[in-house]
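K.L.:
Input: one structure, supplied below.
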Amino acid sequence: MDGRPEYLRQACEASLRRLGVEAIGLYQFHRPDPDVPYAESIGMMKQLQDEGKVRMVGISNATVAQIDEARSIVDIVSVQNQFSPSYRSSEGELQRCAELGIAFLPWSPLGGISSASELGSRYAVFQEVADAHGVSPQQVCLAWMLGLAPVVIPIPGSSRRRSATPQPPQTWTSAKTSVPASSAAYWQAEGSLQL
């Protein structure tokens, strides 16, 4: 992790060369560096945008205070934080993004490669809803996440091609809209599962 402005410039310019483009569509500042003032790192992101090397700026692994600080320096379009049923410490950041209309990009939304296969057994409600609709607990988890706020765009990963095969579109809509009455008690007013 290196948040020094000169390193961020160097990394951006190297990415531009490798990608063979004049501007990067979305450039994320991935991890705050405890040895560099946050405003200095974000200031370089703004500078890269002002120079036309970056079209849009996002931040990652940010707190609510860092979201607000970054917004005071540059217009940010996304926040990428870890968020899953078992790792919900970024709920405040998700809510702040929803208030501001900023995309919230949960990384590891299924709990990581070692936990994704256990979603149905760890969270019975995901399995119950999945069984009722003929989908996987992982799809239900993503639908739950999408139902939390319109700004949520999960970033699931897959180590097997079969796991990444697209499913029919109806399985990717918010599960709240099609939960059977027997499962309705699991939904909270905000559209999230009681886990």
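Each chain of the structure tokens is named A, B, ... in the order shown, its residues numbered from 1; ligands are numbered from 1 in display order.
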Excluding same-chain residues fewer than 6 positions from Ala98 (chain A), what lies within 8 Å of it counting only C-alpha atoms, as a ChimeraX atom specification?
P.N.:
/A:104,149-151
K.L.:
Choose the residue, out of A:Ala132, A:Cys141, A:Met45, A:Ile153, that has the smallest atom-to-atom separation from Ser86 (chain A); count only C-alpha atoms.
P.N.:
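Between A:Ala132, A:Cys141, A:Met45, A:Ile153, the residue approaching Ser86 (chain A) most closely is A:Cys141.
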K.L.:
Region 14-134 of chain A: which residues are helix (DSSP H, G or I) by DSSP, as a PyMOL selection string?
P.N.:
chain A and resi 14-19+38-50+64-71+91-100+116-122+124-133
K.L.:
Could you take the residues named above and write them with C-alpha atoms, as a short mmCIF file (atom, residue, chain, number, x, y, z; two decimals), in the first residue's frame?
P.N.:
```cif
data_model
loop_
_atom_site.label_atom_id
_atom_site.label_comp_id
_atom_site.auth_asym_id
_atom_site.auth_seq_id
_atom_site.Cartn_x
_atom_site.Cartn_y
_atom_site.Cartn_z
CA ALA A 14 1.81 2.71 -16.02
CA SER A 15 -1.83 1.56 -16.24
CA LEU A 16 -2.47 3.95 -19.14
CA ARG A 17 0.52 2.47 -21.02
CA ARG A 18 -0.47 -1.14 -20.30
CA LEU A 19 -4.09 -0.54 -21.30
CA TYR A 38 -5.69 10.99 3.00
CA ALA A 39 -6.23 14.44 1.46
CA GLU A 40 -2.84 14.24 -0.27
CA SER A 41 -3.67 10.92 -1.91
CA ILE A 42 -7.12 12.09 -2.97
CA GLY A 43 -5.64 15.37 -4.18
CA MET A 44 -3.53 13.42 -6.65
CA MET A 45 -6.63 11.58 -7.84
CA LYS A 46 -8.21 14.95 -8.59
CA GLN A 47 -5.07 16.11 -10.34
CA LEU A 48 -5.07 13.01 -12.55
CA GLN A 49 -8.71 13.71 -13.39
CA ASP A 50 -8.00 17.37 -14.13
CA VAL A 64 -17.83 7.49 6.15
CA ALA A 65 -15.45 10.28 7.21
CA GLN A 66 -13.11 9.43 4.33
CA ILE A 67 -16.01 9.44 1.87
CA ASP A 68 -16.91 12.93 3.01
CA GLU A 69 -13.29 14.08 2.98
CA ALA A 70 -12.75 12.72 -0.53
CA ARG A 71 -15.94 14.43 -1.76
CA GLU A 91 -23.33 -0.68 6.44
CA GLY A 92 -22.71 2.96 7.40
CA GLU A 93 -20.70 3.53 4.24
CA LEU A 94 -23.39 1.83 2.15
CA GLN A 95 -26.03 4.10 3.69
CA ARG A 96 -23.89 7.19 3.08
CA CYS A 97 -23.41 6.21 -0.55
CA ALA A 98 -27.18 5.71 -0.93
CA GLU A 99 -27.79 9.17 0.55
CA LEU A 100 -25.31 10.73 -1.88
CA ALA A 116 -19.36 -18.69 -0.73
CA SER A 117 -20.26 -22.38 -1.00
CA GLU A 118 -21.49 -22.36 2.60
CA LEU A 119 -24.04 -19.53 2.25
CA GLY A 120 -27.03 -21.86 2.29
CA SER A 121 -25.86 -23.73 5.37
CA ARG A 122 -24.68 -20.64 7.26
CA ALA A 124 -30.82 -20.89 6.28
CA VAL A 125 -33.03 -18.12 4.93
CA PHE A 126 -30.89 -17.89 1.79
CA GLN A 127 -31.34 -21.63 1.24
CA GLU A 128 -35.09 -21.45 1.92
CA VAL A 129 -35.63 -18.64 -0.57
CA ALA A 130 -33.30 -20.34 -3.09
CA ASP A 131 -35.22 -23.62 -2.84
CA ALA A 132 -38.56 -21.82 -3.26
CA HIS A 133 -37.35 -20.18 -6.49
#
```
K.L.:
Tell me, in Å to one decimal, how far CA of Ser89 (chain A) is from CA of Gly112 (chain A).
P.N.:
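So the two atoms, CA of Ser89 (chain A) and CA of Gly112 (chain A), lie 15.4 Å apart.
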K.L.:
So which one's closest to Tyr87 (chain A), A:Leu110, A:Val135, A:Leu142, A:Cys12? Using only C-alpha atoms, please.
P.N.:
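Among the listed residues, A:Leu110 lies closest to Tyr87 (chain A).
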K.L.:
Please compute the CA of Val79 (chain A)-CA of Met56 (chain A) distance, one decimal, in Å.
P.N.:
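Separation between CA of Val79 (chain A) and CA of Met56 (chain A): 11.9 Å.
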K.L.:
Hey, can you check how far CA of Gln28 (chain A) sits from CA of Ser114 (chain A)?
P.N.:
25.8 Å
K.L.:
Quick one: DSSP strand (DSSP E or B) residues in region 39-146 of chain A, as a list in words?
P.N.:
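So, restricting region 39-146 of chain A to strand (DSSP E or B), we get Val54, Arg55, Met56, Val57, Gly58, Ile59, Ser60, Ile76, Val77, Ser78, Val79, Gln80, Gln82, Ser84, Tyr87, Ala103, Phe104 and Trp107 of chain A.
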